[in-house]
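Below is work.tsv, which holds TSV, C-alpha atoms.
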chain	number	residue	atom	x	y	z
A	1013	MET	CA	58.75	51.06	38.85
A	1014	ASP	CA	62.38	51.76	38.24
A	1015	ILE	CA	63.99	49.40	35.77
A	1016	SER	CA	67.57	50.50	35.64
A	1017	ILE	CA	70.06	49.37	33.05
A	1018	SER	CA	71.85	47.03	35.44
A	1019	THR	CA	68.61	45.26	36.27
A	1020	ALA	CA	67.95	44.72	32.58
A	1021	ILE	CA	71.50	43.40	32.09
A	1022	PHE	CA	71.07	41.07	35.07
A	1023	TYR	CA	67.91	39.56	33.61
A	1024	LEU	CA	69.56	39.21	30.21
A	1025	VAL	CA	72.57	37.41	31.73
A	1026	ALA	CA	70.32	35.17	33.83
A	1027	PHE	CA	68.30	34.30	30.72
A	1028	VAL	CA	71.43	33.43	28.70
A	1029	THR	CA	72.80	31.34	31.57
A	1030	ILE	CA	69.62	29.33	32.03
A	1031	VAL	CA	68.91	28.87	28.33
A	1032	SER	CA	72.40	27.55	27.67
A	1033	ALA	CA	72.20	25.28	30.73
A	1034	ALA	CA	68.94	23.94	29.28
A	1035	GLY	CA	70.81	23.42	26.02
A	1036	VAL	CA	73.33	21.27	27.89
A	1037	ALA	CA	70.55	19.27	29.48
A	1038	PHE	CA	68.24	18.78	26.50
A	1039	SER	CA	70.39	18.88	23.35
A	1040	SER	CA	70.67	15.60	21.49
A	1041	ASN	CA	74.06	16.44	19.99
A	1042	ILE	CA	76.97	16.25	22.40
A	1043	VAL	CA	78.97	18.90	20.52
A	1044	HIS	CA	76.07	21.32	20.90
A	1045	SER	CA	75.91	20.44	24.61
A	1046	ALA	CA	79.61	21.16	25.01
A	1047	PHE	CA	79.34	24.53	23.25
A	1048	SER	CA	76.24	25.46	25.27
A	1049	LEU	CA	78.42	25.07	28.32
A	1050	VAL	CA	80.34	28.19	27.14
A	1051	GLY	CA	77.21	30.29	27.65
A	1052	THR	CA	76.57	28.85	31.07
A	1053	PHE	CA	80.12	29.37	32.33
A	1054	GLY	CA	80.32	32.87	30.87
A	1055	GLY	CA	76.92	33.79	32.33
A	1056	VAL	CA	77.94	32.54	35.76
A	1057	ALA	CA	81.16	34.58	35.50
A	1058	THR	CA	79.06	37.68	34.73
A	1059	LEU	CA	76.88	36.93	37.75
A	1060	TYR	CA	80.08	36.89	39.86
A	1061	VAL	CA	80.89	40.35	38.52
A	1062	PHE	CA	77.41	41.50	39.59
A	1063	LEU	CA	78.13	40.06	43.04
A	1064	GLY	CA	81.36	42.03	43.39
A	1065	ALA	CA	83.57	38.94	43.13
A	1066	ASP	CA	86.04	40.09	40.50
A	1067	PHE	CA	88.77	37.55	41.24
A	1068	VAL	CA	86.36	34.61	41.24
A	1069	ALA	CA	84.95	35.81	37.92
A	1070	GLY	CA	88.42	35.88	36.39
A	1071	VAL	CA	89.22	32.44	37.76
A	1072	GLN	CA	85.91	31.14	36.41
A	1073	ILE	CA	86.79	32.36	32.91
A	1074	LEU	CA	90.36	31.06	33.08
A	1075	ILE	CA	89.68	27.61	34.53
A	1076	TYR	CA	86.20	26.74	33.31
A	1077	VAL	CA	86.14	28.29	29.85
A	1078	GLY	CA	89.86	28.05	29.21
A	1079	GLY	CA	90.56	24.73	30.88
A	1080	ILE	CA	87.69	22.43	31.67
A	1081	LEU	CA	85.70	23.24	28.54
A	1082	VAL	CA	88.69	22.64	26.26
A	1083	LEU	CA	89.30	19.37	28.11
A	1084	ILE	CA	85.68	18.32	27.57
A	1085	LEU	CA	85.85	19.20	23.87
A	1086	PHE	CA	89.08	17.20	23.54
A	1087	ALA	CA	87.41	14.23	25.18
A	1088	VAL	CA	84.38	14.57	22.88
A	1089	MET	CA	86.56	14.70	19.77
A	1090	LEU	CA	88.82	11.86	20.90
A	1091	THR	CA	86.06	9.43	21.80
A	1092	HIS	CA	83.60	9.95	18.95
A	1093	ARG	CA	83.71	9.11	15.36
A	1094	ILE	CA	82.04	12.10	13.78
A	1095	SER	CA	79.43	9.98	12.02
A	1096	GLU	CA	77.89	8.72	15.23
A	1097	ILE	CA	77.70	11.97	17.19
A	1098	GLU	CA	73.96	12.20	16.63
A	1099	ILE	CA	73.06	8.89	18.21
A	1100	SER	CA	75.69	8.68	20.90
A	1101	ASN	CA	74.18	11.25	23.25
A	1102	ARG	CA	70.78	9.73	23.71
A	1103	ALA	CA	68.93	10.20	26.95
A	1104	VAL	CA	66.96	7.62	28.86
A	1105	GLY	CA	64.14	7.91	31.36
A	1106	ARG	CA	63.42	11.54	30.56
A	1107	ILE	CA	59.89	11.69	31.95
A	1108	PRO	CA	60.57	10.38	35.48
A	1109	ALA	CA	63.73	12.47	35.66
A	1110	PHE	CA	61.78	15.52	34.48
A	1111	ILE	CA	59.12	14.98	37.15
A	1112	LEU	CA	61.78	14.47	39.82
A	1113	CYS	CA	63.85	17.51	38.86
A	1114	GLY	CA	60.76	19.69	38.36
A	1115	GLY	CA	59.44	18.75	41.79
A	1116	LEU	CA	62.83	19.40	43.35
A	1117	LEU	CA	63.04	22.78	41.62
A	1118	ALA	CA	59.54	23.75	42.83
A	1119	LEU	CA	60.48	22.72	46.37
A	1120	LEU	CA	63.76	24.68	46.24
A	1121	VAL	CA	62.13	27.82	44.82
A	1122	THR	CA	59.35	27.69	47.43
A	1123	THR	CA	61.93	27.30	50.20
A	1124	ILE	CA	64.02	30.16	48.81
A	1125	ARG	CA	61.00	32.45	48.61
A	1126	GLU	CA	59.60	31.58	52.03
A	1127	THR	CA	62.79	31.66	54.07
A	1128	PRO	CA	63.69	35.01	55.68
A	1129	TRP	CA	67.33	35.11	54.60
A	1130	LEU	CA	69.78	37.14	56.59
A	1131	THR	CA	70.71	40.12	54.45
A	1132	ALA	CA	72.49	42.10	57.10
A	1133	ALA	CA	75.67	42.93	55.26
A	1134	LYS	CA	75.90	46.03	53.16
A	1135	PRO	CA	76.87	44.79	49.69
A	1136	SER	CA	80.26	46.11	48.68
A	1137	HIS	CA	81.96	46.24	45.31
A	1138	GLU	CA	85.51	46.77	46.52
A	1139	PRO	CA	88.36	44.96	44.72
A	1140	THR	CA	88.80	41.62	46.44
A	1141	THR	CA	91.99	40.13	45.02
A	1142	SER	CA	94.47	41.36	47.63
A	1143	ARG	CA	92.18	40.38	50.51
A	1144	ILE	CA	91.71	36.91	49.01
A	1145	GLY	CA	95.48	36.60	48.72
A	1146	ASP	CA	95.88	37.56	52.38
A	1147	LEU	CA	93.25	35.03	53.44
A	1148	PHE	CA	94.86	32.25	51.38
A	1149	LEU	CA	98.26	32.83	52.95
A	1150	GLN	CA	97.05	33.34	56.52
A	1151	GLN	CA	93.77	31.83	57.60
A	1152	TYR	CA	93.36	29.27	54.81
A	1153	LEU	CA	97.03	28.31	54.37
A	1154	LEU	CA	96.63	24.61	55.18
A	1155	PRO	CA	93.64	24.01	52.83
A	1156	PHE	CA	95.51	25.98	50.16
A	1157	GLU	CA	98.59	23.75	50.40
A	1158	LEU	CA	96.41	20.62	50.51
A	1159	ALA	CA	94.64	21.80	47.34
A	1160	SER	CA	98.01	22.16	45.61
A	1161	ILE	CA	98.90	18.58	46.59
A	1162	VAL	CA	95.49	17.38	45.32
A	1163	LEU	CA	96.12	19.12	42.00
A	1164	LEU	CA	99.57	17.50	41.70
A	1165	VAL	CA	98.14	14.06	42.47
A	1166	ALA	CA	95.30	14.61	39.96
A	1167	LEU	CA	97.83	15.67	37.30
A	1168	ILE	CA	99.98	12.56	37.74
A	1169	GLY	CA	96.93	10.32	38.12
A	1170	ALA	CA	95.33	11.61	34.93
A	1171	VAL	CA	98.53	10.96	32.96
A	1172	VAL	CA	98.88	7.45	34.41
A	1173	ILE	CA	95.24	6.56	33.73
A	1174	ALA	CA	94.98	7.98	30.23
A	1175	ARG	CA	98.28	6.77	28.71
A	1176	LYS	CA	98.32	3.77	26.46
A	1177	GLU	CA	99.83	0.57	27.80
A	1178	ILE	CA	102.95	-0.33	25.86
A	1179	LYS	CA	103.49	-4.06	25.71
A	1180	GLU	CA	107.10	-5.22	25.86
B	160	MET	CA	61.92	44.88	42.73
B	161	ALA	CA	65.64	45.23	43.27
B	162	ILE	CA	67.96	42.36	42.48
B	163	GLY	CA	68.47	40.58	45.78
B	164	LEU	CA	69.68	37.35	47.27
B	165	THR	CA	66.66	35.34	46.19
B	166	HIS	CA	67.26	36.04	42.49
B	167	TYR	CA	70.70	34.46	42.68
B	168	LEU	CA	69.45	31.54	44.77
B	169	VAL	CA	66.71	30.85	42.22
B	170	ILE	CA	69.28	30.88	39.40
B	171	GLY	CA	71.38	28.46	41.44
B	172	ALA	CA	68.36	26.20	41.98
B	173	ILE	CA	67.54	26.16	38.26
B	174	LEU	CA	71.15	25.35	37.34
B	175	PHE	CA	71.19	22.57	39.94
B	176	SER	CA	67.97	21.04	38.61
B	177	LEU	CA	69.23	21.11	35.02
B	178	GLY	CA	72.53	19.56	36.09
B	179	LEU	CA	70.73	16.82	38.02
B	180	PHE	CA	68.52	16.17	34.97
B	181	THR	CA	71.64	15.85	32.80
B	182	VAL	CA	73.29	13.43	35.23
B	183	LEU	CA	70.14	11.31	35.54
B	184	THR	CA	69.21	11.00	31.88
B	185	ARG	CA	72.49	10.75	29.98
B	186	ARG	CA	74.16	7.48	29.16
B	187	ASN	CA	77.22	9.24	27.76
B	188	ALA	CA	79.95	9.58	30.38
B	189	ILE	CA	81.12	12.98	29.08
B	190	SER	CA	77.58	14.36	29.30
B	191	VAL	CA	77.35	13.11	32.88
B	192	LEU	CA	80.53	15.06	33.65
B	193	MET	CA	78.98	18.17	32.06
B	194	GLY	CA	76.01	17.77	34.41
B	195	VAL	CA	78.36	17.57	37.38
B	196	GLU	CA	79.99	20.81	36.26
B	197	LEU	CA	76.57	22.49	36.14
B	198	ILE	CA	75.85	21.33	39.70
B	199	LEU	CA	79.22	22.64	40.94
B	200	ASN	CA	78.54	26.00	39.25
B	201	SER	CA	75.16	26.27	40.97
B	202	ALA	CA	76.79	25.65	44.35
B	203	ASN	CA	79.38	28.33	43.57
B	204	VAL	CA	76.69	30.88	42.68
B	205	ASN	CA	75.09	30.25	46.05
B	206	TYR	CA	78.41	30.60	47.91
B	207	VAL	CA	79.27	33.90	46.27
B	208	ALA	CA	75.71	35.26	46.64
B	209	PHE	CA	75.65	34.53	50.37
B	210	SER	CA	79.13	35.99	50.71
B	211	HIS	CA	77.95	39.19	49.01
B	212	PHE	CA	74.55	39.67	50.66
B	213	SER	CA	74.67	37.87	54.01
B	214	SER	CA	78.11	37.64	55.56
B	215	GLY	CA	79.88	40.56	53.90
B	216	ARG	CA	83.16	38.69	54.27
B	217	LEU	CA	85.17	36.81	51.68
B	218	ASP	CA	84.82	33.28	53.08
B	219	GLY	CA	82.22	32.33	50.49
B	220	GLN	CA	84.48	33.42	47.65
B	221	ILE	CA	87.35	31.39	49.15
B	222	TYR	CA	85.15	28.28	49.24
B	223	ALA	CA	84.06	28.96	45.66
B	224	LEU	CA	87.73	29.07	44.64
B	225	PHE	CA	88.39	25.75	46.37
B	226	VAL	CA	85.39	24.24	44.56
B	227	ILE	CA	86.77	25.51	41.23
B	228	MET	CA	90.19	23.95	42.01
B	229	LEU	CA	88.64	20.59	42.86
B	230	ALA	CA	86.38	20.80	39.79
B	231	ALA	CA	89.50	21.14	37.65
B	232	ALA	CA	91.05	18.08	39.30
B	233	GLU	CA	87.78	16.17	38.96
B	234	ALA	CA	87.44	17.04	35.28
B	235	ALA	CA	91.03	15.98	34.52
B	236	VAL	CA	90.78	12.63	36.30
B	237	GLY	CA	87.21	11.98	35.13
B	238	LEU	CA	88.03	12.59	31.48
B	239	ALA	CA	91.18	10.46	31.79
B	240	ILE	CA	89.00	7.64	33.11
B	241	VAL	CA	86.60	8.20	30.19
B	242	LEU	CA	89.49	7.88	27.72
B	243	ALA	CA	90.70	4.71	29.45
B	244	ILE	CA	87.20	3.21	29.29
B	245	TYR	CA	86.99	4.15	25.62
B	246	GLN	CA	90.28	2.40	24.85
B	247	LEU	CA	89.12	-0.71	26.70
B	248	PHE	CA	85.48	-0.99	25.57
B	249	HIS	CA	85.44	1.23	22.41
B	250	SER	CA	82.37	2.99	23.85
B	251	ILE	CA	81.76	5.64	26.46
B	252	ASP	CA	78.30	4.46	27.31
B	253	VAL	CA	78.35	4.19	31.09
B	254	ARG	CA	76.64	0.79	30.84
B	255	ALA	CA	79.71	-0.60	29.08
B	256	ALA	CA	81.75	-0.33	32.26
B	257	GLN	CA	79.68	-2.68	34.40
B	258	THR	CA	81.56	-5.92	33.66
B	259	LEU	CA	82.58	-6.22	37.33
B	260	LYS	CA	78.89	-6.90	38.06
B	261	ASP	CA	78.73	-10.01	35.87
Turn the structure described in the file into C-alpha cells.
Amino acid sequence: MDISISTAIFYLVAFVTIVSAAGVAFSSNIVHSAFSLVGTFGGVATLYVFLGADFVAGVQILIYVGGILVLILFAVMLTHRISEIEISNRAVGRIPAFILCGGLLALLVTTIRETPWLTAAKPSHEPTTSRIGDLFLQQYLLPFELASIVLLVALIGAVVIARKEIKE
Amino acid sequence: MAIGLTHYLVIGAILFSLGLFTVLTRRNAISVLMGVELILNSANVNYVAFSHFSSGRLDGQIYALFVIMLAAAEAAVGLAIVLAIYQLFHSIDVRAAQTLKD
C-alpha cells in the first residue's frame, strides 16, 4: 500500500471540491453559495493541473474565478436587499429532487465502475500551451472565429438587455 | 490504488448531480445559474480526464476551452436577463417571470 504525497493531495483537492459544491447546492444563504463556488472552481482548476492541462487550469482560474464568479457576486449584490438574503434563496421540492439526483448519481457511478474504459494513452505532463495555440489556429480555426463572434454578440446583447430604458 | 480515470469520472458525476440538484430545487434565478456552472464544470472535468487518459491528444482540452468560452457568454447574458427581470418585477424568483402564461 503506497500512499504517495500526490495521492493524498488529490484526495484532499477532491474533498474540497465536492464539499464546496455541496455548499452551493445546500446552503440557504445565497452569498454563502456564491463564495462556496470559489472552492469548487479552484478545486477543478487543481484537478486540471493533476491531469496535465496547464493552460486549461489557467483559463479556469482567469475566467471562472476572475470573471464569472465576480459577475455572479455583482448580480447577487445588485438584486438583493441585504435584509432579505436569508429568505430569498429558499429551495423547493428537496426530497424528490434528492431521490432523483441520488439515483442518477448511483447509476452514473455504477456505470463508471463497470465500464472497461480505454486507457491506452500514456499520460503525459508536457506543457500544452503552444500545441493548443497551433490547434486553435489550424485545425479548429473556424470554431475559434465563431466563438469570438459569439462572445461579441453576447457582450452587446448583455449591455442591451441590462441597461435601463430611458423614457423621452 | 493509483489515481486513474474512474476517480475523475466519479468526481464529475458528483459535481453533475449536485448541479442538477441546485437547478431543480432553487427558485432564485442566480442560484439556478450557479447550478448550470457546476454542470458545465463537471462536463469539463470529464473532457480533460478522457483527453489525458484515453486519447492522449489535446482535443478534449480544446473542447473544454470552448465550453469555458460559452459559459462566459452564457453567464453574461443570463445575469443580464436576471437584472432585467429584477427591474421589471422587483424579484428574481423564477416564478415571477411567468406572466406570458396567464
Sorted per-residue table, region 165-234 of chain B near region 244-259 of chain B, closest atoms and distance, 9 Å, only C-alpha atoms, as CSV:
residue,atom,partner,partner_atom,distance
B:Arg185,CA,B:Val253,CA,8.9
B:Arg186,CA,B:Asp252,CA,5.4
B:Asn187,CA,B:Asp252,CA,4.9
B:Ala188,CA,B:Val253,CA,5.7
B:Ile189,CA,B:Ile251,CA,7.8
Can you write out the residues you just picked, keeping C-alpha atoms, as a short mmCIF file (atom, residue, chain, number, x, y, z; two decimals), in the frame of the given file?
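Saved the output as result.cif:
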data_model
loop_
_atom_site.label_atom_id
_atom_site.label_comp_id
_atom_site.auth_asym_id
_atom_site.auth_seq_id
_atom_site.Cartn_x
_atom_site.Cartn_y
_atom_site.Cartn_z
CA ARG B 185 72.49 10.75 29.98
CA ARG B 186 74.16 7.48 29.16
CA ASN B 187 77.22 9.24 27.76
CA ALA B 188 79.95 9.58 30.38
CA ILE B 189 81.12 12.98 29.08
#
Residues within 9 Å of region 190-203 of chain B, all atoms listed in the file, excluding chain neighbours under 5 positions, as a ChimeraX atom specification
/A:1033,1036-1037,1042,1045-1046,1049,1052-1053,1056,1084,1101 /B:168,170-185,208,219-220,222-224,226-227,230,234,237-238
Could you write those residues out with C-alpha atoms, as a PDB file, in the frame of the given file?
ATOM      1  CA  ALA A1033      72.200  25.280  30.730  1.00  0.00           C
ATOM      2  CA  VAL A1036      73.330  21.270  27.890  1.00  0.00           C
ATOM      3  CA  ALA A1037      70.550  19.270  29.480  1.00  0.00           C
ATOM      4  CA  ILE A1042      76.970  16.250  22.400  1.00  0.00           C
ATOM      5  CA  SER A1045      75.910  20.440  24.610  1.00  0.00           C
ATOM      6  CA  ALA A1046      79.610  21.160  25.010  1.00  0.00           C
ATOM      7  CA  LEU A1049      78.420  25.070  28.320  1.00  0.00           C
ATOM      8  CA  THR A1052      76.570  28.850  31.070  1.00  0.00           C
ATOM      9  CA  PHE A1053      80.120  29.370  32.330  1.00  0.00           C
ATOM     10  CA  VAL A1056      77.940  32.540  35.760  1.00  0.00           C
ATOM     11  CA  ILE A1084      85.680  18.320  27.570  1.00  0.00           C
ATOM     12  CA  ASN A1101      74.180  11.250  23.250  1.00  0.00           C
TER      13      ASN A1101
ATOM     14  CA  LEU B 168      69.450  31.540  44.770  1.00  0.00           C
ATOM     15  CA  ILE B 170      69.280  30.880  39.400  1.00  0.00           C
ATOM     16  CA  GLY B 171      71.380  28.460  41.440  1.00  0.00           C
ATOM     17  CA  ALA B 172      68.360  26.200  41.980  1.00  0.00           C
ATOM     18  CA  ILE B 173      67.540  26.160  38.260  1.00  0.00           C
ATOM     19  CA  LEU B 174      71.150  25.350  37.340  1.00  0.00           C
ATOM     20  CA  PHE B 175      71.190  22.570  39.940  1.00  0.00           C
ATOM     21  CA  SER B 176      67.970  21.040  38.610  1.00  0.00           C
ATOM     22  CA  LEU B 177      69.230  21.110  35.020  1.00  0.00           C
ATOM     23  CA  GLY B 178      72.530  19.560  36.090  1.00  0.00           C
ATOM     24  CA  LEU B 179      70.730  16.820  38.020  1.00  0.00           C
ATOM     25  CA  PHE B 180      68.520  16.170  34.970  1.00  0.00           C
ATOM     26  CA  THR B 181      71.640  15.850  32.800  1.00  0.00           C
ATOM     27  CA  VAL B 182      73.290  13.430  35.230  1.00  0.00           C
ATOM     28  CA  LEU B 183      70.140  11.310  35.540  1.00  0.00           C
ATOM     29  CA  THR B 184      69.210  11.000  31.880  1.00  0.00           C
ATOM     30  CA  ARG B 185      72.490  10.750  29.980  1.00  0.00           C
ATOM     31  CA  ALA B 208      75.710  35.260  46.640  1.00  0.00           C
ATOM     32  CA  GLY B 219      82.220  32.330  50.490  1.00  0.00           C
ATOM     33  CA  GLN B 220      84.480  33.420  47.650  1.00  0.00           C
ATOM     34  CA  TYR B 222      85.150  28.280  49.240  1.00  0.00           C
ATOM     35  CA  ALA B 223      84.060  28.960  45.660  1.00  0.00           C
ATOM     36  CA  LEU B 224      87.730  29.070  44.640  1.00  0.00           C
ATOM     37  CA  VAL B 226      85.390  24.240  44.560  1.00  0.00           C
ATOM     38  CA  ILE B 227      86.770  25.510  41.230  1.00  0.00           C
ATOM     39  CA  ALA B 230      86.380  20.800  39.790  1.00  0.00           C
ATOM     40  CA  ALA B 234      87.440  17.040  35.280  1.00  0.00           C
ATOM     41  CA  GLY B 237      87.210  11.980  35.130  1.00  0.00           C
ATOM     42  CA  LEU B 238      88.030  12.590  31.480  1.00  0.00           C
TER      43      LEU B 238
END
Output the contact residues of chain A with respect to chain B at a cut-off of 7 Å, based on only C-alpha atoms, as a PyMOL selection string.
chain A and resi 1019+1030+1033-1034+1037+1063+1068+1080+1087+1091+1101-1106+1109-1110+1113+1117+1120-1121+1124-1125+1130-1135+1163+1166+1169-1170+1173-1174
Since we have the selection now, will you write its residues out, keeping C-alpha atoms, as a compact mmCIF listing (two decimals), in the frame of the given file?
# COMPACT_ATOMS: atom_id res chain seq x y z
CA THR A 1019 68.61 45.26 36.27
CA ILE A 1030 69.62 29.33 32.03
CA ALA A 1033 72.20 25.28 30.73
CA ALA A 1034 68.94 23.94 29.28
CA ALA A 1037 70.55 19.27 29.48
CA LEU A 1063 78.13 40.06 43.04
CA VAL A 1068 86.36 34.61 41.24
CA ILE A 1080 87.69 22.43 31.67
CA ALA A 1087 87.41 14.23 25.18
CA THR A 1091 86.06 9.43 21.80
CA ASN A 1101 74.18 11.25 23.25
CA ARG A 1102 70.78 9.73 23.71
CA ALA A 1103 68.93 10.20 26.95
CA VAL A 1104 66.96 7.62 28.86
CA GLY A 1105 64.14 7.91 31.36
CA ARG A 1106 63.42 11.54 30.56
CA ALA A 1109 63.73 12.47 35.66
CA PHE A 1110 61.78 15.52 34.48
CA CYS A 1113 63.85 17.51 38.86
CA LEU A 1117 63.04 22.78 41.62
CA LEU A 1120 63.76 24.68 46.24
CA VAL A 1121 62.13 27.82 44.82
CA ILE A 1124 64.02 30.16 48.81
CA ARG A 1125 61.00 32.45 48.61
CA LEU A 1130 69.78 37.14 56.59
CA THR A 1131 70.71 40.12 54.45
CA ALA A 1132 72.49 42.10 57.10
CA ALA A 1133 75.67 42.93 55.26
CA LYS A 1134 75.90 46.03 53.16
CA PRO A 1135 76.87 44.79 49.69
CA LEU A 1163 96.12 19.12 42.00
CA ALA A 1166 95.30 14.61 39.96
CA GLY A 1169 96.93 10.32 38.12
CA ALA A 1170 95.33 11.61 34.93
CA ILE A 1173 95.24 6.56 33.73
CA ALA A 1174 94.98 7.98 30.23
Rounded to one decimal place, report the CA of Leu1112 (chain A)-CA of Val1028 (chain A) distance in Å.
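Distance reported for this atom pair: 24.0 Å.
Atom pair CA of Ser1136 (chain A) / CA of Phe1022 (chain A): separated by 17.2 Å.
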Would you compute the box with edges along x, y and z of the file around region 208-217 of chain B, including every atom the file lists for it and 3 Å extra on each side, and give its centre and edge lengths in Å to one decimal, as lines of an AutoDock Vina configuration file?
center_x = 79.9
center_y = 37.5
center_z = 51.1
size_x = 16.6
size_y = 12.0
size_z = 14.9
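Going from CA of Phe1062 (chain A) to CA of Ser1160 (chain A) covers 28.9 Å.
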Could I get region 239-256 of chain B from the block written as a PDB file, in the first residue's frame, with N, CA and C atoms?
ATOM      1  N   ALA B 239     -27.557  39.290 -17.212  1.00  0.00           N
ATOM      2  CA  ALA B 239     -28.221  40.493 -17.733  1.00  0.00           C
ATOM      3  C   ALA B 239     -29.728  40.294 -17.750  1.00  0.00           C
ATOM      4  N   ILE B 240     -30.168  39.094 -18.140  1.00  0.00           N
ATOM      5  CA  ILE B 240     -31.604  38.810 -18.140  1.00  0.00           C
ATOM      6  C   ILE B 240     -32.145  38.852 -16.716  1.00  0.00           C
ATOM      7  N   VAL B 241     -31.348  38.317 -15.755  1.00  0.00           N
ATOM      8  CA  VAL B 241     -31.788  38.360 -14.353  1.00  0.00           C
ATOM      9  C   VAL B 241     -31.971  39.801 -13.896  1.00  0.00           C
ATOM     10  N   LEU B 242     -31.013  40.682 -14.261  1.00  0.00           N
ATOM     11  CA  LEU B 242     -31.142  42.089 -13.858  1.00  0.00           C
ATOM     12  C   LEU B 242     -32.359  42.730 -14.507  1.00  0.00           C
ATOM     13  N   ALA B 243     -32.620  42.381 -15.790  1.00  0.00           N
ATOM     14  CA  ALA B 243     -33.789  42.954 -16.458  1.00  0.00           C
ATOM     15  C   ALA B 243     -35.072  42.486 -15.792  1.00  0.00           C
ATOM     16  N   ILE B 244     -35.134  41.204 -15.417  1.00  0.00           N
ATOM     17  CA  ILE B 244     -36.316  40.680 -14.721  1.00  0.00           C
ATOM     18  C   ILE B 244     -36.480  41.373 -13.377  1.00  0.00           C
ATOM     19  N   TYR B 245     -35.354  41.625 -12.703  1.00  0.00           N
ATOM     20  CA  TYR B 245     -35.440  42.276 -11.393  1.00  0.00           C
ATOM     21  C   TYR B 245     -35.968  43.700 -11.526  1.00  0.00           C
ATOM     22  N   GLN B 246     -35.533  44.417 -12.582  1.00  0.00           N
ATOM     23  CA  GLN B 246     -36.048  45.778 -12.761  1.00  0.00           C
ATOM     24  C   GLN B 246     -37.530  45.771 -13.079  1.00  0.00           C
ATOM     25  N   LEU B 247     -37.996  44.723 -13.774  1.00  0.00           N
ATOM     26  CA  LEU B 247     -39.394  44.683 -14.198  1.00  0.00           C
ATOM     27  C   LEU B 247     -40.302  44.206 -13.071  1.00  0.00           C
ATOM     28  N   PHE B 248     -39.904  43.135 -12.373  1.00  0.00           N
ATOM     29  CA  PHE B 248     -40.796  42.509 -11.388  1.00  0.00           C
ATOM     30  C   PHE B 248     -40.373  42.770  -9.946  1.00  0.00           C
ATOM     31  N   HIS B 249     -39.197  43.391  -9.722  1.00  0.00           N
ATOM     32  CA  HIS B 249     -38.657  43.607  -8.373  1.00  0.00           C
ATOM     33  C   HIS B 249     -38.519  42.301  -7.602  1.00  0.00           C
ATOM     34  N   SER B 250     -38.192  41.224  -8.298  1.00  0.00           N
ATOM     35  CA  SER B 250     -37.973  39.919  -7.679  1.00  0.00           C
ATOM     36  C   SER B 250     -37.191  39.090  -8.676  1.00  0.00           C
ATOM     37  N   ILE B 251     -36.344  38.178  -8.164  1.00  0.00           N
ATOM     38  CA  ILE B 251     -35.682  37.284  -9.112  1.00  0.00           C
ATOM     39  C   ILE B 251     -36.141  35.857  -8.898  1.00  0.00           C
ATOM     40  N   ASP B 252     -37.275  35.709  -8.232  1.00  0.00           N
ATOM     41  CA  ASP B 252     -37.909  34.396  -8.187  1.00  0.00           C
ATOM     42  C   ASP B 252     -38.325  34.015  -9.605  1.00  0.00           C
ATOM     43  N   VAL B 253     -37.922  32.792 -10.020  1.00  0.00           N
ATOM     44  CA  VAL B 253     -38.202  32.440 -11.413  1.00  0.00           C
ATOM     45  C   VAL B 253     -39.695  32.322 -11.684  1.00  0.00           C
ATOM     46  N   ARG B 254     -40.522  32.197 -10.610  1.00  0.00           N
ATOM     47  CA  ARG B 254     -41.962  32.138 -10.859  1.00  0.00           C
ATOM     48  C   ARG B 254     -42.536  33.496 -11.218  1.00  0.00           C
ATOM     49  N   ALA B 255     -41.770  34.587 -10.906  1.00  0.00           N
ATOM     50  CA  ALA B 255     -42.286  35.911 -11.227  1.00  0.00           C
ATOM     51  C   ALA B 255     -42.387  36.120 -12.723  1.00  0.00           C
ATOM     52  N   ALA B 256     -41.530  35.443 -13.474  1.00  0.00           N
ATOM     53  CA  ALA B 256     -41.432  35.698 -14.904  1.00  0.00           C
ATOM     54  C   ALA B 256     -42.303  34.741 -15.703  1.00  0.00           C
TER      55      ALA B 256
END
